[in-house]
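Below: coords_15.cif (mmCIF, C-alpha atoms)
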```
data_entry
#
loop_
_atom_site.label_atom_id
_atom_site.label_comp_id
_atom_site.auth_asym_id
_atom_site.auth_seq_id
_atom_site.Cartn_x
_atom_site.Cartn_y
_atom_site.Cartn_z
CA MET A 1 -60.50 -23.70 -74.20
CA THR A 2 -61.94 -20.67 -75.98
CA ILE A 3 -59.76 -17.57 -76.06
CA LEU A 4 -61.98 -14.54 -75.73
CA ASP A 5 -61.37 -11.36 -77.62
CA PRO A 6 -60.32 -8.64 -75.10
CA LYS A 7 -62.52 -6.21 -77.02
CA MET A 8 -65.53 -8.14 -75.78
CA PHE A 9 -64.93 -6.72 -72.27
CA ASN A 10 -65.92 -3.16 -71.65
CA LEU A 11 -63.63 -2.51 -68.65
CA PRO A 12 -62.46 1.10 -68.66
CA ILE A 13 -61.43 0.68 -65.02
CA ARG A 14 -58.76 -1.97 -64.56
CA LEU A 15 -57.20 -1.73 -61.09
CA ARG A 16 -54.45 -4.17 -62.00
CA ARG A 17 -52.79 -1.44 -64.06
CA ASN A 18 -51.65 0.05 -60.76
CA ARG A 19 -50.10 -3.27 -59.68
CA LYS A 20 -48.24 -4.30 -62.80
CA SER A 21 -44.73 -3.38 -61.64
CA GLU A 22 -42.78 -2.90 -58.42
CA ALA A 23 -42.17 0.73 -59.33
CA ILE A 24 -45.87 1.49 -59.72
CA ARG A 25 -46.82 -0.44 -56.60
CA LYS A 26 -44.32 1.53 -54.54
CA MET A 27 -45.32 4.81 -56.13
CA ILE A 28 -48.95 4.50 -55.00
CA GLN A 29 -48.40 2.68 -51.70
CA GLU A 30 -50.75 4.18 -49.13
CA THR A 31 -49.10 3.12 -45.87
CA HIS A 32 -45.40 3.21 -45.12
CA LEU A 33 -43.55 1.57 -42.24
CA THR A 34 -40.20 3.12 -41.29
CA PRO A 35 -37.70 2.65 -38.45
CA HIS A 36 -38.96 5.96 -37.02
CA ASP A 37 -42.33 4.31 -36.36
CA LEU A 38 -40.92 1.65 -34.05
CA VAL A 39 -40.20 1.62 -30.32
CA ALA A 40 -37.84 -1.10 -29.11
CA PRO A 41 -38.55 -2.61 -25.68
CA ILE A 42 -35.40 -3.52 -23.71
CA PHE A 43 -35.38 -5.69 -20.58
CA VAL A 44 -32.61 -4.70 -18.15
CA ILE A 45 -31.03 -6.75 -15.38
CA GLU A 46 -28.35 -6.20 -12.77
CA GLY A 47 -24.73 -7.12 -13.45
CA GLU A 48 -22.24 -6.55 -16.25
CA LYS A 49 -21.62 -8.02 -19.70
CA THR A 50 -24.49 -10.45 -19.32
CA LYS A 51 -27.38 -11.38 -21.58
CA VAL A 52 -30.02 -13.92 -20.63
CA PRO A 53 -32.29 -15.40 -23.32
CA ILE A 54 -36.03 -15.31 -22.63
CA GLU A 55 -37.27 -18.80 -23.37
CA SER A 56 -40.84 -17.80 -24.15
CA MET A 57 -39.70 -14.99 -26.49
CA PRO A 58 -37.10 -16.46 -28.87
CA GLY A 59 -34.60 -13.85 -30.02
CA VAL A 60 -35.27 -11.51 -27.07
CA GLU A 61 -32.85 -11.24 -24.15
CA ARG A 62 -32.54 -9.62 -20.76
CA LEU A 63 -29.49 -7.33 -20.81
CA THR A 64 -27.28 -5.74 -18.20
CA ILE A 65 -27.14 -1.96 -18.44
CA ASP A 66 -23.82 -1.89 -20.33
CA LEU A 67 -25.20 -4.22 -23.00
CA ALA A 68 -28.49 -2.31 -23.05
CA VAL A 69 -26.51 0.82 -23.91
CA LYS A 70 -24.76 -1.08 -26.70
CA GLU A 71 -28.08 -2.44 -27.99
CA ALA A 72 -29.64 1.03 -27.94
CA LYS A 73 -26.70 2.46 -29.90
CA GLU A 74 -26.95 -0.21 -32.58
CA LEU A 75 -30.69 0.27 -32.95
CA HIS A 76 -30.34 4.05 -33.06
CA GLU A 77 -27.76 3.76 -35.83
CA LYS A 78 -30.36 1.80 -37.82
CA GLY A 79 -32.94 4.55 -37.45
CA ILE A 80 -34.80 3.58 -34.26
CA GLN A 81 -35.67 6.79 -32.44
CA SER A 82 -37.07 5.41 -29.18
CA ILE A 83 -36.65 2.59 -26.70
CA ALA A 84 -38.78 1.50 -23.73
CA LEU A 85 -37.06 0.17 -20.62
CA PHE A 86 -38.41 -2.66 -18.48
CA PRO A 87 -36.47 -3.58 -15.31
CA VAL A 88 -36.24 -7.16 -14.09
CA ILE A 89 -36.24 -6.73 -10.32
CA ASP A 90 -34.66 -9.19 -7.90
CA SER A 91 -37.33 -10.89 -5.81
CA ALA A 92 -35.58 -9.75 -2.63
CA LEU A 93 -36.36 -6.13 -3.57
CA LYS A 94 -40.07 -6.72 -4.18
CA SER A 95 -42.50 -5.71 -1.47
CA GLU A 96 -46.15 -5.01 -0.80
CA ASP A 97 -45.50 -1.25 -0.84
CA ALA A 98 -43.34 -1.43 -4.02
CA LYS A 99 -40.94 1.20 -2.67
CA GLU A 100 -38.13 0.00 -4.96
CA ALA A 101 -40.16 1.50 -7.85
CA TRP A 102 -38.94 5.01 -7.00
CA ASN A 103 -35.44 4.19 -5.74
CA PRO A 104 -33.18 6.88 -7.30
CA ASN A 105 -30.29 4.42 -7.26
CA GLY A 106 -32.28 1.43 -8.41
CA LEU A 107 -31.88 -0.56 -11.61
CA LEU A 108 -34.36 1.48 -13.64
CA ALA A 109 -32.99 4.87 -12.59
CA ARG A 110 -29.43 3.82 -13.39
CA ALA A 111 -30.45 2.42 -16.76
CA ILE A 112 -32.20 5.66 -17.71
CA ARG A 113 -29.23 7.79 -16.67
CA GLU A 114 -26.61 5.70 -18.44
CA ILE A 115 -28.54 5.37 -21.70
CA LYS A 116 -29.41 9.08 -21.81
CA PHE A 117 -25.77 9.95 -21.08
CA ALA A 118 -24.55 7.72 -23.91
CA LEU A 119 -27.37 8.64 -26.32
CA PRO A 120 -28.79 12.05 -25.40
CA HIS A 121 -30.76 12.31 -28.66
CA LEU A 122 -32.49 8.94 -28.24
CA CYS A 123 -36.04 9.09 -26.88
CA VAL A 124 -36.22 6.95 -23.74
CA MET A 125 -39.51 5.79 -22.23
CA ALA A 126 -40.28 3.65 -19.20
CA ASP A 127 -43.44 2.19 -17.72
CA VAL A 128 -44.96 3.68 -14.61
CA ALA A 129 -46.59 0.72 -12.89
CA LEU A 130 -45.87 -1.28 -9.78
CA ASP A 131 -46.10 -4.87 -11.06
CA PRO A 132 -42.32 -5.40 -11.45
CA PHE A 133 -41.86 -4.19 -7.86
CA THR A 134 -44.79 -5.65 -5.89
CA SER A 135 -44.46 -8.98 -4.15
CA HIS A 136 -47.95 -9.93 -5.40
CA GLY A 137 -47.38 -8.94 -9.05
CA HIS A 138 -50.23 -6.45 -9.39
CA ASP A 139 -49.90 -2.98 -10.94
CA GLY A 140 -51.10 -1.29 -7.76
CA LEU A 141 -51.15 -1.55 -3.99
CA ALA A 142 -53.55 -4.06 -2.50
CA ASN A 143 -55.47 -4.28 0.76
CA GLU A 144 -56.00 -7.35 2.93
CA LYS A 145 -59.05 -8.30 0.84
CA GLY A 146 -57.00 -8.38 -2.36
CA GLU A 147 -58.59 -5.20 -3.73
CA ILE A 148 -56.34 -2.96 -5.81
CA LEU A 149 -56.30 0.51 -4.25
CA ASN A 150 -56.66 3.31 -6.77
CA ASP A 151 -55.76 6.54 -4.99
CA GLU A 152 -53.07 5.04 -2.78
CA THR A 153 -51.46 3.57 -5.88
CA ILE A 154 -51.44 6.96 -7.59
CA ASP A 155 -49.25 8.35 -4.80
CA CYS A 156 -46.69 5.65 -5.64
CA LEU A 157 -46.98 6.31 -9.38
CA ILE A 158 -46.25 9.99 -8.80
CA GLN A 159 -43.09 9.15 -6.88
CA MET A 160 -42.03 6.71 -9.59
CA SER A 161 -42.66 9.31 -12.31
CA LEU A 162 -40.64 11.95 -10.47
CA MET A 163 -37.76 9.51 -10.03
CA GLN A 164 -37.76 8.78 -13.76
CA ALA A 165 -37.92 12.48 -14.60
CA GLU A 166 -34.94 13.23 -12.37
CA ALA A 167 -33.03 10.41 -14.09
CA GLY A 168 -33.64 11.99 -17.50
CA ILE A 169 -36.60 10.13 -19.00
CA ASP A 170 -38.30 11.64 -22.05
CA PHE A 171 -41.71 10.02 -21.53
CA VAL A 172 -43.18 8.38 -18.48
CA ALA A 173 -45.63 5.69 -19.55
CA PRO A 174 -48.30 4.93 -16.93
CA SER A 175 -49.49 1.42 -17.75
CA ASP A 176 -51.38 0.72 -14.52
CA MET A 177 -54.89 1.80 -15.61
CA MET A 178 -55.70 3.52 -12.29
CA ASP A 179 -58.39 6.21 -12.58
CA GLY A 180 -57.02 9.76 -12.63
CA ARG A 181 -53.36 8.89 -12.67
CA VAL A 182 -52.48 10.88 -15.80
CA GLY A 183 -53.74 14.16 -14.36
CA ALA A 184 -52.04 13.52 -11.02
CA ILE A 185 -48.72 12.68 -12.67
CA ARG A 186 -48.92 15.72 -14.98
CA GLU A 187 -49.57 18.03 -12.06
CA ALA A 188 -46.72 16.57 -10.01
CA LEU A 189 -44.24 16.74 -12.90
CA ASP A 190 -45.11 20.36 -13.59
CA GLU A 191 -44.90 21.36 -9.94
CA GLU A 192 -41.39 19.89 -9.73
CA GLY A 193 -40.24 21.70 -12.88
CA HIS A 194 -40.41 18.72 -15.27
CA VAL A 195 -42.71 20.42 -17.75
CA GLY A 196 -40.78 18.94 -20.67
CA VAL A 197 -41.31 15.33 -19.63
CA GLY A 198 -44.09 13.79 -21.69
CA ILE A 199 -46.76 11.29 -20.70
CA MET A 200 -47.44 8.33 -22.97
CA ALA A 201 -50.57 6.86 -21.40
CA TYR A 202 -51.59 3.24 -21.73
CA SER A 203 -55.12 4.47 -22.30
CA ALA A 204 -56.79 1.35 -23.71
CA LYS A 205 -54.94 -1.49 -22.03
CA TYR A 206 -57.00 -4.65 -22.16
CA ALA A 207 -57.06 -7.59 -19.76
CA SER A 208 -55.59 -9.79 -22.46
CA ALA A 209 -54.42 -13.40 -22.49
CA LEU A 210 -51.43 -12.31 -24.59
CA TYR A 211 -49.18 -10.96 -21.82
CA GLY A 212 -47.81 -14.27 -20.53
CA PRO A 213 -44.34 -14.15 -22.13
CA PHE A 214 -43.87 -10.54 -20.94
CA ARG A 215 -44.57 -11.53 -17.36
CA ASP A 216 -42.12 -14.38 -17.79
CA ALA A 217 -39.52 -11.92 -19.08
CA LEU A 218 -40.00 -9.69 -16.02
CA LYS A 219 -40.32 -12.65 -13.65
CA VAL A 220 -43.68 -11.34 -12.47
CA LYS A 221 -46.28 -13.74 -11.09
CA LEU A 222 -49.69 -12.84 -9.74
CA GLY A 223 -50.05 -13.83 -6.12
CA PHE A 224 -53.84 -13.69 -6.25
CA GLY A 225 -56.74 -12.85 -8.55
CA ASP A 226 -56.41 -11.22 -11.94
CA LYS A 227 -56.19 -7.72 -13.40
CA LYS A 228 -59.77 -7.41 -14.62
CA THR A 229 -60.74 -4.76 -12.06
CA TYR A 230 -58.40 -2.24 -13.65
CA GLN A 231 -57.59 -3.43 -17.17
CA LEU A 232 -60.28 -3.22 -19.87
CA ASN A 233 -62.77 -5.90 -20.82
CA PRO A 234 -61.76 -7.21 -24.28
CA ALA A 235 -65.44 -7.03 -25.27
CA ASN A 236 -65.63 -3.24 -24.84
CA CYS A 237 -64.93 -0.50 -27.36
CA ARG A 238 -66.79 2.59 -26.11
CA GLU A 239 -65.17 2.22 -22.71
CA ALA A 240 -61.72 2.27 -24.34
CA LEU A 241 -62.54 5.45 -26.23
CA LEU A 242 -63.78 7.05 -23.02
CA GLU A 243 -60.58 6.08 -21.19
CA ALA A 244 -58.53 7.64 -23.98
CA ALA A 245 -60.61 10.82 -23.99
CA LEU A 246 -60.15 11.20 -20.23
CA ASP A 247 -56.40 10.62 -20.48
CA GLU A 248 -56.17 13.25 -23.21
CA GLU A 249 -58.18 15.68 -21.09
CA GLU A 250 -55.85 15.03 -18.14
CA GLY A 251 -52.76 15.87 -20.19
CA ALA A 252 -51.55 12.74 -21.96
CA ASP A 253 -49.28 13.54 -24.90
CA ILE A 254 -49.57 10.11 -26.56
CA LEU A 255 -52.39 7.56 -26.23
CA MET A 256 -51.76 3.82 -26.39
CA VAL A 257 -53.84 0.80 -27.37
CA LYS A 258 -52.58 -2.55 -26.04
CA PRO A 259 -52.54 -5.23 -27.47
CA ALA A 260 -52.42 -4.21 -31.11
CA THR A 261 -53.40 -6.78 -33.73
CA LEU A 262 -56.53 -8.11 -32.00
CA TYR A 263 -57.60 -4.51 -31.35
CA LEU A 264 -57.11 -2.85 -34.73
CA ASP A 265 -60.72 -1.68 -34.59
CA ILE A 266 -59.97 0.22 -31.38
CA ILE A 267 -56.94 1.87 -32.97
CA ALA A 268 -59.00 2.89 -36.01
CA LYS A 269 -61.84 4.31 -33.94
CA LEU A 270 -59.46 6.15 -31.64
CA ARG A 271 -57.77 7.61 -34.73
CA GLU A 272 -61.12 9.13 -35.71
CA GLN A 273 -61.62 10.52 -32.22
CA THR A 274 -58.29 12.17 -31.42
CA LYS A 275 -55.60 14.31 -32.99
CA ARG A 276 -53.06 13.09 -30.44
CA PRO A 277 -50.39 10.59 -31.56
CA ILE A 278 -51.45 6.99 -31.06
CA ALA A 279 -49.12 4.23 -29.92
CA ALA A 280 -49.91 0.54 -30.24
CA TYR A 281 -48.18 -2.28 -28.38
CA HIS A 282 -47.48 -5.40 -30.43
CA VAL A 283 -47.27 -7.50 -27.29
CA SER A 284 -45.26 -10.51 -26.20
CA GLY A 285 -47.93 -13.08 -26.99
CA GLU A 286 -48.38 -11.71 -30.50
CA TYR A 287 -44.61 -11.98 -30.96
CA ALA A 288 -44.30 -15.46 -29.41
CA MET A 289 -47.05 -16.99 -31.56
CA VAL A 290 -45.36 -15.96 -34.79
CA MET A 291 -41.95 -17.08 -33.56
CA ALA A 292 -43.36 -20.49 -32.61
CA ALA A 293 -44.86 -20.90 -36.07
CA HIS A 294 -41.58 -19.73 -37.62
CA GLN A 295 -39.56 -22.27 -35.66
CA ALA A 296 -41.99 -25.00 -36.73
CA GLY A 297 -41.46 -24.00 -40.36
CA TYR A 298 -45.03 -22.83 -40.92
CA LEU A 299 -44.36 -19.10 -41.38
CA ASN A 300 -41.60 -16.68 -42.29
CA ALA A 301 -41.40 -14.56 -39.16
CA PRO A 302 -39.77 -11.40 -40.62
CA LYS A 303 -42.32 -11.21 -43.42
CA VAL A 304 -45.27 -11.87 -41.09
CA PHE A 305 -44.01 -9.29 -38.61
CA TYR A 306 -43.63 -6.69 -41.35
CA GLU A 307 -47.17 -7.34 -42.60
CA THR A 308 -48.50 -7.27 -39.04
CA LEU A 309 -46.87 -3.96 -38.15
CA LEU A 310 -47.96 -2.50 -41.48
CA SER A 311 -51.55 -3.38 -40.56
CA ILE A 312 -51.16 -1.64 -37.20
CA LYS A 313 -49.84 1.46 -38.93
CA ARG A 314 -52.63 1.28 -41.50
CA ALA A 315 -55.22 1.15 -38.72
CA GLY A 316 -53.98 4.52 -37.50
CA ALA A 317 -51.07 4.02 -35.10
CA ASP A 318 -48.24 6.54 -35.26
CA LEU A 319 -45.75 4.45 -33.30
CA ILE A 320 -45.52 0.76 -32.53
CA PHE A 321 -43.88 -1.00 -29.61
CA THR A 322 -42.60 -4.35 -30.84
CA TYR A 323 -40.12 -7.08 -29.94
CA ALA A 324 -39.74 -7.78 -33.65
CA VAL A 325 -37.74 -4.60 -34.35
CA LYS A 326 -34.67 -6.40 -35.68
CA GLN A 327 -36.65 -8.76 -37.92
CA VAL A 328 -38.69 -5.91 -39.36
CA LEU A 329 -35.70 -3.64 -39.96
CA GLY A 330 -34.38 -6.32 -42.31
CA GLN A 331 -37.59 -6.06 -44.37
CA MET A 332 -37.38 -2.27 -44.87
#
```

Show how you would write the structure in this file as structure tokens.
Amino acid sequence: MTILDPKMFNLPIRLRRNRKSEAIRKMIQETHLTPHDLVAPIFVIEGEKTKVPIESMPGVERLTIDLAVKEAKELHEKGIQSIALFPVIDSALKSEDAKEAWNPNGLLARAIREIKFALPHLCVMADVALDPFTSHGHDGLANEKGEILNDETIDCLIQMSLMQAEAGIDFVAPSDMMDGRVGAIREALDEEGHVGVGIMAYSAKYASALYGPFRDALKVKLGFGDKKTYQLNPANCREALLEAALDEEEGADILMVKPATLYLDIIAKLREQTKRPIAAYHVSGEYAMVMAAHQAGYLNAPKVFYETLLSIKRAGADLIFTYAVKQVLGQM
């Protein structure tokens, strides 16, 4: 093998100089992932001192409110600034009119109050959607033909948002994808004196095949049809940007893209369009796939999760909802 004289190469630009040591690599790193960027979803159930593993999401559990408070404290001590609450509702409380969704003494309201009392400086968010509360599993009210009713659903979302605001929520997060709901919720919150409650809108929520484990976690099953009449077509980009622009115009404080990793292009294009903060949801299916590969010995889950969330941040997201919070904190 011939050893070439380095002088033979006229390479004044050698990019590897900026990679030759850990110190240099860190010094010029373009994207940084910190605990402040992450939002931890927490599933809450009735009872006390009980945790129930979610089979389809290894490492994630349903927690009673007392343990949810404990979990939130531990995460906050590690730098997590926000959590998102998801109530697992008893089937006996589900109905076609979803009235449990705005029960001021219901599971979600109590969870918000107790966590905000214990951790007043923690940012608490909760979804505004009817799917955990409807007997048919859809995000909105339905008529006898199985059509999801837009305006009638918005009336319910307003009541749910006001209940959360009274309980002490920091951000309501409408995830239903009904037309006009952000403006209606903003108006109702302001009229009732909740001008400080923010709206984190699920603006580009796609009809994805990656939500299965989440529905399992919430014990939500669709009684009929699918969600394609209100969630976005995965093939569409311009429509997502239009949805986000309308939500911003209606008063959304934060805009979300969901799912995250299969929709990095949407995040990047939305970043170019808006000056609002962008959230991205690293969803249950994205989490479950990596965990399955990890358990099979094919991947190192914490490292893959860190790289995944870094890519979401690099695409333009300001905050990331993820079930991998604990694994990623260990990589920081």

Might you spell out which residues the PyMOL selection byres ((chain A and resi 200) around 8) would select in the displayed file, as a PDB file with C-alpha atoms, keeping the file's coordinate frame?
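In the end it all went to result13.pdb:
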```pdb
ATOM      1  CA  PHE A 171     -41.710  10.020 -21.530  1.00  0.00           C
ATOM      2  CA  VAL A 172     -43.180   8.380 -18.480  1.00  0.00           C
ATOM      3  CA  ALA A 173     -45.630   5.690 -19.550  1.00  0.00           C
ATOM      4  CA  PRO A 174     -48.300   4.930 -16.930  1.00  0.00           C
ATOM      5  CA  GLY A 198     -44.090  13.790 -21.690  1.00  0.00           C
ATOM      6  CA  ILE A 199     -46.760  11.290 -20.700  1.00  0.00           C
ATOM      7  CA  ALA A 201     -50.570   6.860 -21.400  1.00  0.00           C
ATOM      8  CA  TYR A 202     -51.590   3.240 -21.730  1.00  0.00           C
ATOM      9  CA  ALA A 252     -51.550  12.740 -21.960  1.00  0.00           C
ATOM     10  CA  ASP A 253     -49.280  13.540 -24.900  1.00  0.00           C
ATOM     11  CA  ILE A 254     -49.570  10.110 -26.560  1.00  0.00           C
ATOM     12  CA  LEU A 255     -52.390   7.560 -26.230  1.00  0.00           C
ATOM     13  CA  MET A 256     -51.760   3.820 -26.390  1.00  0.00           C
TER      14      MET A 256
END
```

Target residues per the PyMOL selection byres ((chain A and resi 115) around 12), formatted as a ChimeraX atom specification: /A:42,44,64-73,76,82-85,108-114,116-125,167-170

Computed interatomic separation between atom CA of Asn233 of chain A and atom CA of Asp37 of chain A (Å): 27.6 Å

Radius query 6 Å about (-45.7, 4.9, -12.5), atoms used: only C-alpha atoms, as a list in words: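 The requested residues, written out, are Val128, Ala129, Leu157, Met160, Ser161 and Pro174 of chain A.
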
One-decimal distance in Å that lies between atom CA of Glu144 of chain A and atom CA of Ala101 of chain A: 21.1 Å

Explicit residue set for the PyMOL selection byres ((chain A and resi 182) around 7), as a list in words: Gly180, Arg181, Gly183, Ala184, Ile185, Arg186, Asp247, Glu250, Gly251 and Ala252 of chain A

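Atom pair atom CA of Arg25 of chain A / atom CA of Lys313 of chain A has a distance of 18.0 Å (rounded to one decimal).
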
Residue nearest Gln231 of chain A - candidates A:Leu149, A:Ile154, A:Ala207, A:Met178, atoms counted: only C-alpha atoms: A:Ala207

Neighbour list for Ser208 of chain A as a PyMOL selection string, cut-off 12 Å, all atoms listed in the file, skip fewer than 3 positions in-chain: chain A and resi 204-205+211-212+214+226-228+230-235+257-263+283-286

Residue nearest His36 of chain A - candidates A:Gly59, A:Ile13, A:Glu272, A:Lys78, atoms counted: only C-alpha atoms: A:Lys78

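Between Val60 of chain A and the candidates A:Ala301, A:Ala217, A:Val290, A:Ala240, the tightest atom-to-atom separation, counting only C-alpha atoms, involves A:Ala217.
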
Sel. within 10 Å of pt (-32.6, -9.3, -33.9), counting only C-alpha atoms, output as a PyMOL selection string: chain A and resi 58-61+75+323-330
